[in-house]
$ cat model-v3.pdb   # PDB, C-alpha atoms, pLDDT in the B column
ATOM      1  CA  LEU A 297     114.172 102.728 108.579  1.00 90.00           C
ATOM      2  CA  GLU A 298     116.373 102.754 105.486  1.00 92.00           C
ATOM      3  CA  TYR A 299     115.621 106.441 104.938  1.00 92.00           C
ATOM      4  CA  LEU A 300     116.266 107.225 108.611  1.00 91.00           C
ATOM      5  CA  ALA A 301     119.564 105.309 108.572  1.00 92.00           C
ATOM      6  CA  ALA A 302     120.780 107.026 105.396  1.00 93.00           C
ATOM      7  CA  GLU A 303     119.862 110.523 106.614  1.00 92.00           C
ATOM      8  CA  PHE A 304     121.351 109.884 110.036  1.00 89.00           C
ATOM      9  CA  ALA A 305     124.609 108.565 108.574  1.00 90.00           C
ATOM     10  CA  LYS A 306     124.875 111.566 106.258  1.00 92.00           C
ATOM     11  CA  LYS A 307     124.153 114.104 109.001  1.00 92.00           C
ATOM     12  CA  HIS A 308     126.237 112.561 111.803  1.00 90.00           C
ATOM     13  CA  GLY A 309     128.985 110.712 109.919  1.00 90.00           C
ATOM     14  CA  ILE A 310     128.203 107.430 111.669  1.00 90.00           C
ATOM     15  CA  ALA A 311     127.825 104.276 109.605  1.00 91.00           C
ATOM     16  CA  VAL A 312     124.344 102.794 110.085  1.00 94.00           C
ATOM     17  CA  HIS A 313     123.775  99.305 108.702  1.00 95.00           C
ATOM     18  CA  ILE A 314     120.347  97.639 108.546  1.00 96.00           C
ATOM     19  CA  ASN A 315     119.884  93.873 108.632  1.00 96.00           C
ATOM     20  CA  ASP A 316     116.376  93.006 107.499  1.00 95.00           C
ATOM     21  CA  ASP A 317     114.948  89.509 107.178  1.00 95.00           C
ATOM     22  CA  GLY A 318     113.068  90.522 104.007  1.00 93.00           C
ATOM     23  CA  MET A 319     109.685  89.509 105.436  1.00 92.00           C
ATOM     24  CA  ALA A 320     106.638  91.767 105.059  1.00 89.00           C
ATOM     25  CA  LYS A 321     105.966  93.713 108.238  1.00 89.00           C
ATOM     26  CA  PRO A 322     102.419  95.069 108.123  1.00 87.00           C
ATOM     27  CA  LEU A 323     102.220  97.741 110.821  1.00 90.00           C
ATOM     28  CA  ASP A 324      99.386 100.063 111.719  1.00 90.00           C
ATOM     29  CA  GLU A 325     100.164 103.779 111.696  1.00 92.00           C
ATOM     30  CA  THR A 326     100.505 104.044 115.492  1.00 91.00           C
ATOM     31  CA  THR A 327     103.009 101.199 115.752  1.00 92.00           C
ATOM     32  CA  ARG A 328     104.983 102.497 112.773  1.00 93.00           C
ATOM     33  CA  LEU A 329     105.227 105.982 114.297  1.00 94.00           C
ATOM     34  CA  VAL A 330     106.219 104.727 117.761  1.00 94.00           C
ATOM     35  CA  LEU A 331     108.913 102.413 116.377  1.00 95.00           C
ATOM     36  CA  PHE A 332     110.295 105.056 114.009  1.00 95.00           C
ATOM     37  CA  SER A 333     110.463 107.598 116.847  1.00 94.00           C
ATOM     38  CA  ALA A 334     112.053 105.058 119.189  1.00 96.00           C
ATOM     39  CA  VAL A 335     114.755 104.128 116.677  1.00 96.00           C
ATOM     40  CA  TYR A 336     115.434 107.807 116.015  1.00 94.00           C
ATOM     41  CA  GLU A 337     115.838 108.401 119.777  1.00 93.00           C
ATOM     42  CA  LEU A 338     118.183 105.404 120.058  1.00 93.00           C
ATOM     43  CA  LEU A 339     120.311 106.718 117.188  1.00 93.00           C
ATOM     44  CA  ILE A 340     120.517 110.137 118.844  1.00 90.00           C
ATOM     45  CA  ASN A 341     121.453 108.519 122.188  1.00 88.00           C
ATOM     46  CA  ALA A 342     124.222 106.529 120.508  1.00 88.00           C
ATOM     47  CA  THR A 343     125.591 109.706 118.921  1.00 87.00           C
ATOM     48  CA  ARG A 344     125.488 111.738 122.124  1.00 85.00           C
ATOM     49  CA  HIS A 345     126.591 109.160 124.674  1.00 82.00           C
ATOM     50  CA  ALA A 346     128.216 106.083 123.133  1.00 79.00           C
ATOM     51  CA  GLN A 347     131.103 107.625 121.198  1.00 82.00           C
ATOM     52  CA  THR A 348     130.504 105.152 118.400  1.00 85.00           C
ATOM     53  CA  SER A 349     131.422 105.158 114.739  1.00 83.00           C
ATOM     54  CA  ALA A 350     128.995 102.406 113.732  1.00 90.00           C
ATOM     55  CA  ILE A 351     125.422 101.385 114.505  1.00 94.00           C
ATOM     56  CA  GLU A 352     123.621  98.233 113.425  1.00 96.00           C
ATOM     57  CA  ILE A 353     119.838  97.860 113.200  1.00 97.00           C
ATOM     58  CA  ASP A 354     118.279  94.394 113.002  1.00 97.00           C
ATOM     59  CA  CYS A 355     114.664  94.269 111.842  1.00 97.00           C
ATOM     60  CA  LEU A 356     113.089  90.829 112.220  1.00 95.00           C
ATOM     61  CA  LEU A 357     109.644  89.312 112.103  1.00 93.00           C
ATOM     62  CA  GLU A 358     109.256  86.898 115.021  1.00 89.00           C
ATOM     63  CA  GLY A 359     105.864  85.207 114.996  1.00 88.00           C
ATOM     64  CA  SER A 360     103.255  87.938 115.319  1.00 89.00           C
ATOM     65  CA  SER A 361     105.763  90.526 116.567  1.00 93.00           C
ATOM     66  CA  LEU A 362     108.303  92.803 114.976  1.00 96.00           C
ATOM     67  CA  THR A 363     111.642  93.084 116.741  1.00 97.00           C
ATOM     68  CA  ILE A 364     113.998  95.951 116.047  1.00 97.00           C
ATOM     69  CA  ALA A 365     117.385  95.810 117.764  1.00 97.00           C
ATOM     70  CA  VAL A 366     119.668  98.834 117.671  1.00 96.00           C
ATOM     71  CA  THR A 367     123.311  98.118 118.526  1.00 94.00           C
ATOM     72  CA  ASP A 368     125.997 100.737 118.902  1.00 92.00           C
ATOM     73  CA  PHE A 369     129.628  99.740 119.196  1.00 86.00           C
ATOM     74  CA  GLY A 370     130.475 102.418 121.711  1.00 83.00           C
ATOM     75  CA  SER A 371     131.183 102.960 125.382  1.00 84.00           C
ATOM     76  CA  GLY A 372     128.191 101.192 126.927  1.00 81.00           C
ATOM     77  CA  PHE A 373     126.696 102.008 130.325  1.00 79.00           C
ATOM     78  CA  LYS A 374     125.149 100.443 133.403  1.00 72.00           C
ATOM     79  CA  PRO A 375     121.381 100.519 132.728  1.00 66.00           C
ATOM     80  CA  CYS A 376     120.592 100.941 136.460  1.00 62.00           C
ATOM     81  CA  ASP A 377     123.479 103.184 137.519  1.00 51.00           C
ATOM     82  CA  LYS A 378     121.439 106.383 138.088  1.00 46.00           C
ATOM     83  CA  PRO A 379     117.663 106.279 138.598  1.00 44.00           C
ATOM     84  CA  GLY A 380     116.030 108.685 136.160  1.00 48.00           C
ATOM     85  CA  ALA A 381     119.297 109.291 134.306  1.00 54.00           C
ATOM     86  CA  HIS A 382     118.099 107.513 131.169  1.00 60.00           C
ATOM     87  CA  GLY A 383     114.929 109.539 130.571  1.00 75.00           C
ATOM     88  CA  GLY A 384     114.818 108.881 126.832  1.00 82.00           C
ATOM     89  CA  LEU A 385     115.024 105.135 127.375  1.00 88.00           C
ATOM     90  CA  HIS A 386     112.292 105.306 130.007  1.00 89.00           C
ATOM     91  CA  LYS A 387     110.052 107.193 127.565  1.00 91.00           C
ATOM     92  CA  ILE A 388     110.690 104.632 124.815  1.00 94.00           C
ATOM     93  CA  ARG A 389     109.860 101.773 127.216  1.00 93.00           C
ATOM     94  CA  LYS A 390     106.537 103.395 128.152  1.00 93.00           C
ATOM     95  CA  TYR A 391     105.520 103.849 124.504  1.00 93.00           C
ATOM     96  CA  ILE A 392     106.530 100.318 123.527  1.00 95.00           C
ATOM     97  CA  GLU A 393     104.677  98.834 126.513  1.00 94.00           C
ATOM     98  CA  HIS A 394     101.585 100.860 125.518  1.00 92.00           C
ATOM     99  CA  LEU A 395     101.670  98.966 122.224  1.00 92.00           C
ATOM    100  CA  GLY A 396     101.734  95.673 124.127  1.00 93.00           C
ATOM    101  CA  GLY A 397     105.418  95.237 123.396  1.00 95.00           C
ATOM    102  CA  LYS A 398     108.620  95.213 125.397  1.00 96.00           C
ATOM    103  CA  MET A 399     112.075  96.749 125.457  1.00 95.00           C
ATOM    104  CA  CYS A 400     115.259  94.977 126.539  1.00 94.00           C
ATOM    105  CA  ILE A 401     118.626  96.644 127.143  1.00 91.00           C
ATOM    106  CA  ASP A 402     121.933  94.805 127.027  1.00 91.00           C
ATOM    107  CA  SER A 403     124.807  97.108 127.927  1.00 87.00           C
ATOM    108  CA  ARG A 404     127.976  97.108 129.978  1.00 77.00           C
ATOM    109  CA  PRO A 405     130.507  99.864 130.521  1.00 80.00           C
ATOM    110  CA  ASP A 406     133.226  99.899 127.837  1.00 79.00           C
ATOM    111  CA  ASP A 407     131.248  97.553 125.586  1.00 81.00           C
ATOM    112  CA  ARG A 408     128.517  97.756 122.980  1.00 86.00           C
ATOM    113  CA  THR A 409     124.887  98.533 123.801  1.00 91.00           C
ATOM    114  CA  THR A 410     121.902  96.794 122.258  1.00 94.00           C
ATOM    115  CA  VAL A 411     118.358  97.989 122.782  1.00 95.00           C
ATOM    116  CA  ALA A 412     115.757  95.552 121.441  1.00 97.00           C
ATOM    117  CA  LEU A 413     112.199  96.711 120.833  1.00 97.00           C
ATOM    118  CA  SER A 414     109.444  94.191 120.242  1.00 96.00           C
ATOM    119  CA  ALA A 415     105.909  95.171 119.229  1.00 95.00           C
ATOM    120  CA  PRO A 416     102.908  93.157 118.062  1.00 93.00           C
ATOM    121  CA  LEU A 417     101.960  93.519 114.425  1.00 89.00           C
ATOM    122  CA  ASN A 418      98.271  93.700 115.334  1.00 77.00           C
ATOM    123  CA  PHE A 419      98.222  96.577 117.860  1.00 56.00           C
ATOM    124  CA  MET A 420      95.017  98.080 116.448  1.00 52.00           C
ATOM    125  CA  ASP A 421      93.227  94.712 116.667  1.00 52.00           C
ATOM    126  CA  ILE A 422      94.305  94.418 120.322  1.00 47.00           C
ATOM    127  CA  LYS A 423      93.211  98.009 121.022  1.00 50.00           C
ATOM    128  CA  LEU A 424      89.796  97.459 119.415  1.00 44.00           C
ATOM    129  CA  ALA A 425      89.239  94.214 121.333  1.00 43.00           C
ATOM    130  CA  THR A 426      90.158  95.949 124.617  1.00 46.00           C
ATOM    131  CA  ASN A 427      87.805  98.859 123.915  1.00 51.00           C
ATOM    132  CA  ASN A 428      84.929  96.515 123.003  1.00 52.00           C
ATOM    133  CA  SER A 429      85.276  94.476 126.211  1.00 52.00           C
TER     134      SER A 429
END

$ encode --input "model-v3.pdb" --output "structure tokens"
Amino acid sequence: LEYLAAEFAKKHGIAVHINDDGMAKPLDETTRLVLFSAVYELLINATRHAQTSAIEIDCLLEGSSLTIAVTDFGSGFKPCDKPGAHGGLHKIRKYIEHLGGKMCIDSRPDDRTTVALSAPLNFMDIKLATNNS
């Protein structure tokens, strides 16, 4: 995430700050790829739609889950204002739910938007147990 934040800030001129709890976050390759792609999509959305000059990413270990919250300090939106209008967010939700995780959106027009992604650290163990059942 640090690499992504630095490259994104350099390319788009938007300050991206990461708050990390410093705890080890052992992720399997699938979970790592899904979360990286999701954060990238959220950064792109903030650039295109939020008219923001700053983004904050919180990366926290919470029990056996990793939570990544991406907050832009831009224009906000109504999450339910147009069915199908937020295709990228819908896609992220599907991928996160496939991992056994969840996505929460907190946004209001003319205010900041936070999208929180939570995924279990042991996705591959869950997948193997499901396949062996």

$ atom_distance --input "model-v3.pdb" --atom1 "atom CA of Leu362 of chain A" --atom2 "atom CA of Ala415 of chain A"
5.4 Å

$ atom_distance --input "model-v3.pdb" --atom1 "atom CA of Gly397 of chain A" --atom2 "atom CA of Val312 of chain A"
24.3 Å

$ resolve_selection --input "model-v3.pdb" --expression "the PyMOL selection byres ((chain A and resi 330) around 10)" --output "list of chain:residue names"
A:Glu325, A:Thr326, A:Thr327, A:Arg328, A:Leu329, A:Leu331, A:Phe332, A:Ser333, A:Ala334, A:Val335, A:Tyr336, A:Ile388, A:Tyr391, A:Ile392, A:His394, A:Leu395, A:Ala415

$ resolve_selection --input "model-v3.pdb" --expression "the PyMOL selection byres ((chain A and resi 361) around 7)" --output "VMD selection string"
chain A and resid 357 to 360 362 to 363 414 to 417

$ closest_residue --input "model-v3.pdb" --among "A:Ser349, A:Glu303, A:Leu339, A:Arg344" --to "Thr410 of chain A" --atoms "only C-alpha atoms"
A:Leu339

$ closest_residue --input "model-v3.pdb" --among "A:Lys390, A:Pro405, A:Lys398, A:Gly384" --to "Ser371 of chain A" --atoms "all atoms listed in the file"
A:Pro405

$ axis_aligned_box --input "model-v3.pdb" --around "segment 327-342 of chain A" --padding-each-side "6 Å" --output "lines of an AutoDock Vina configuration file"
center_x = 113.6
center_y = 105.7
center_z = 117.5
size_x = 33.2
size_y = 20.9
size_z = 21.4
